[in-house]
Amino acid sequence: MQQYIVRRTLLNIVVIFMVISLVFLALRAAPGEFALRQAGAQITDVSSMEEAIEIVRHDLGLDKPILEQYGRFATGVLRGDLGDSFVSKKPVMLELKDRLGPSIELGILQIIVAIVVAVPIGIVSAIRQDTWLDYILRFFAIFWLAVPSFFVGVLLLYSFARWGHWSPPITNYKGFFEDPFLNMQAMVLPAVAGGLATGAIIMRFLRSQMLEVLRQDYVRTAWSKGLRERAVVLRHALTNALIPVLTVIGLLLATVASGNVVLETLFQLPGIGFYAVNAVQQHDYPVVQGVVLVTAAGLVFVNLLVDITYAWLDPRIRYG
Amino acid sequence: MLAGQQRAEAGALAAAEELFLPRRLGWLDVVGRFVRRKPLGAFGFVVILMLAAAAGGAPWLSRYDAEDWFMVSNPSYLPGSLQPERVRDTRADPSWRHWFGTDQFGRDNYARVIWGARRSLGIGMGALAFAVFFGSTIGIVSAYFRGWLDTFIQRIMDSIQAFPALMILLLLVSVTEPGLRAVAVGLGFVTVTGVQRIVRSTVLSAREDPYVEAARVVGCSDLRLMVVHILPNVTTPIIVIFSIGLGTVILAEAALSFLGLAPVGASWGMMLEEGRAYMVTQPWTALSGGAAITLTVMGFNLAGDALRDVLDPRLRLT
């Protein structure tokens, strides 16, 4: 087990290193005159466009040999220095720190919503396989998989405004520890909108896992011992069916992070997704690059955690 | 008695033939069987056909041009007042003239949905063509040569996959000149990893097949082995990937348009974004955009699921 963790961590360091290189390459290979011009337009305190472009070039380090650029960039990232924003002139790392909270909170809430919705539905759908109840639940899963979360978000906003005469507080966002009540008001709709789509994926996967587990010998033994349905399904079948579901949840985190870019923008939550979209619109490259790096690195480590939990929960898994 | 036995045997043989050697199925039989076994999948294909018709026949089906705006006589116009006599017909409810109503610029929502199909499908096909071409090339090369090359390629793919897809898109959209082609290439790029993973796993087992070994013994070159003998194995997974992938890519394009990061035009995501401000008074623009995305993605998902079950059930959990 320890060996496995060490091996996976080393592998992840390689992946993180590649992630840094890819971001580096994307920003060096692509920006031609157009990108520089766009970025230059953000810098107002200079006399000419050429001067602004020169500043951008210098800030991005484009005026140095490529290897030196890479060395500076990589060491900077490892020291936690992601450069300064073109627009606000503040260090990107500092700005990101304040915005991580809402994003992480939203992600966790969505996963909670997804699990709360998906687990009971997945179980019922599996133990009542091929009944009308199963068909209805599966149809819902297919439906929620197809509806874009931002459409659900728009519909929720609309319904609450129209019939509930309520809309989430948009201008004064407060952190969970400052004002939990106000914070939850802002979070509940995006959490539901994003959680339902994720829940649909988990539900479909859990259902097929349950169907497989329910046909195992030890489940038949549990039945023939005369255990009640509740005990067989929840204690014998579910605990084993849930283990692979955990990996899927880990993989889904990347999807959750993607979806939240849109939901944060729609609900004006001051998270990193919203920040990134603004930065893209303003061609604020250091910020875009910082956000991409931080989310990718975060996801890599969360996935490592998921894999370790997986190995810990399922003693059969030894990973070679 | 012997004759009776013979007759019985002949009958059994005929029955067996009926059972095991059915006549060649015509395409109508195949379609009929598919509809009966996979009604949801058939529904998905109907949606895809509608989408293809809308995309291909947009100029004939749309009634109006997507960018046309319509005028009505101004209700508050009085002769001699400063009010204009005619104003744009904005945010109209559905009517015979405008089936899905009009948006805040007085453009016909139905026309925009139809033209939006052309844009969605165009970008989707472009992205998938890109993803399938590069994904299968990478997957085949990686699985065929194995060894350090495979490890190296797979680590790169792992790191690309570590990024949330939309984040890569944001990065790509921010550094390239905006255009539909850039969006399609960006979407294709994020899809490559998924395609290559499935292709690679198929090729890993196919390269051990006896006919590949035989071809190698006969003296085929690596390139010939990959293209002529291994590539055909990949067609089934690619058909399935194409169907499910199109839904995902169209959804991502809608998300980009919704964020205002894709080029302006008749786009479903943009309809949803533009209509959402007027949701309470006139929801038709946002509803038609959102419904179009939902229906399309659902169509591709259902068709893809059914295709996978029919063509290759082993792909189920990948």
# chains A, B, ... in the order shown; residues from 1 in each chain; ligands from 1

call {"tool": "residues_around", "arguments": {"residues": "stretch 157-163 of chain A", "least_positions_apart": "2", "cutoff": "9 Å", "atoms": "only C-alpha atoms", "output": "list in words"}}
result
Val152, Gly153, Val154, Leu155, His165, Trp166, Ser167, Pro168 and Leu189 of chain A; Arg276, Met279, Val280 and Pro283 of chain B

call {"tool": "interface_residues", "arguments": {"of": "chain A", "to": "chain B", "cutoff": "7 Å", "atoms": "only C-alpha atoms", "output": "MDAnalysis selection string"}}
result
chainID A and resid 15 18:19 30:31 34:35 143 146:148 151 154 158 162 254:255 257:258 262 280 283 288 292 296 299:300

call {"tool": "select_by_dssp", "arguments": {"residues": "stretch 35-218 of chain B", "states": "helix (DSSP H, G or I)", "output": "NGL selection string"}}
result
:B and (35-37 or 39-56 or 58-61 or 109-145 or 147-162 or 165-175 or 180-206 or 210-218)

call {"tool": "select_by_dssp", "arguments": {"residues": "stretch 55-127 of chain B", "states": "strand (DSSP E or B)", "output": "ChimeraX atom specification"}}
result
/B:69,71-73,86-88,102,107-108

call {"tool": "residues_around", "arguments": {"residues": "stretch 130-142 of chain A", "least_positions_apart": "5", "cutoff": "10 Å", "atoms": "only C-alpha atoms", "output": "ChimeraX atom specification"}}
result
/A:118,121-125,147,196-204,207 /B:40,298,301-302
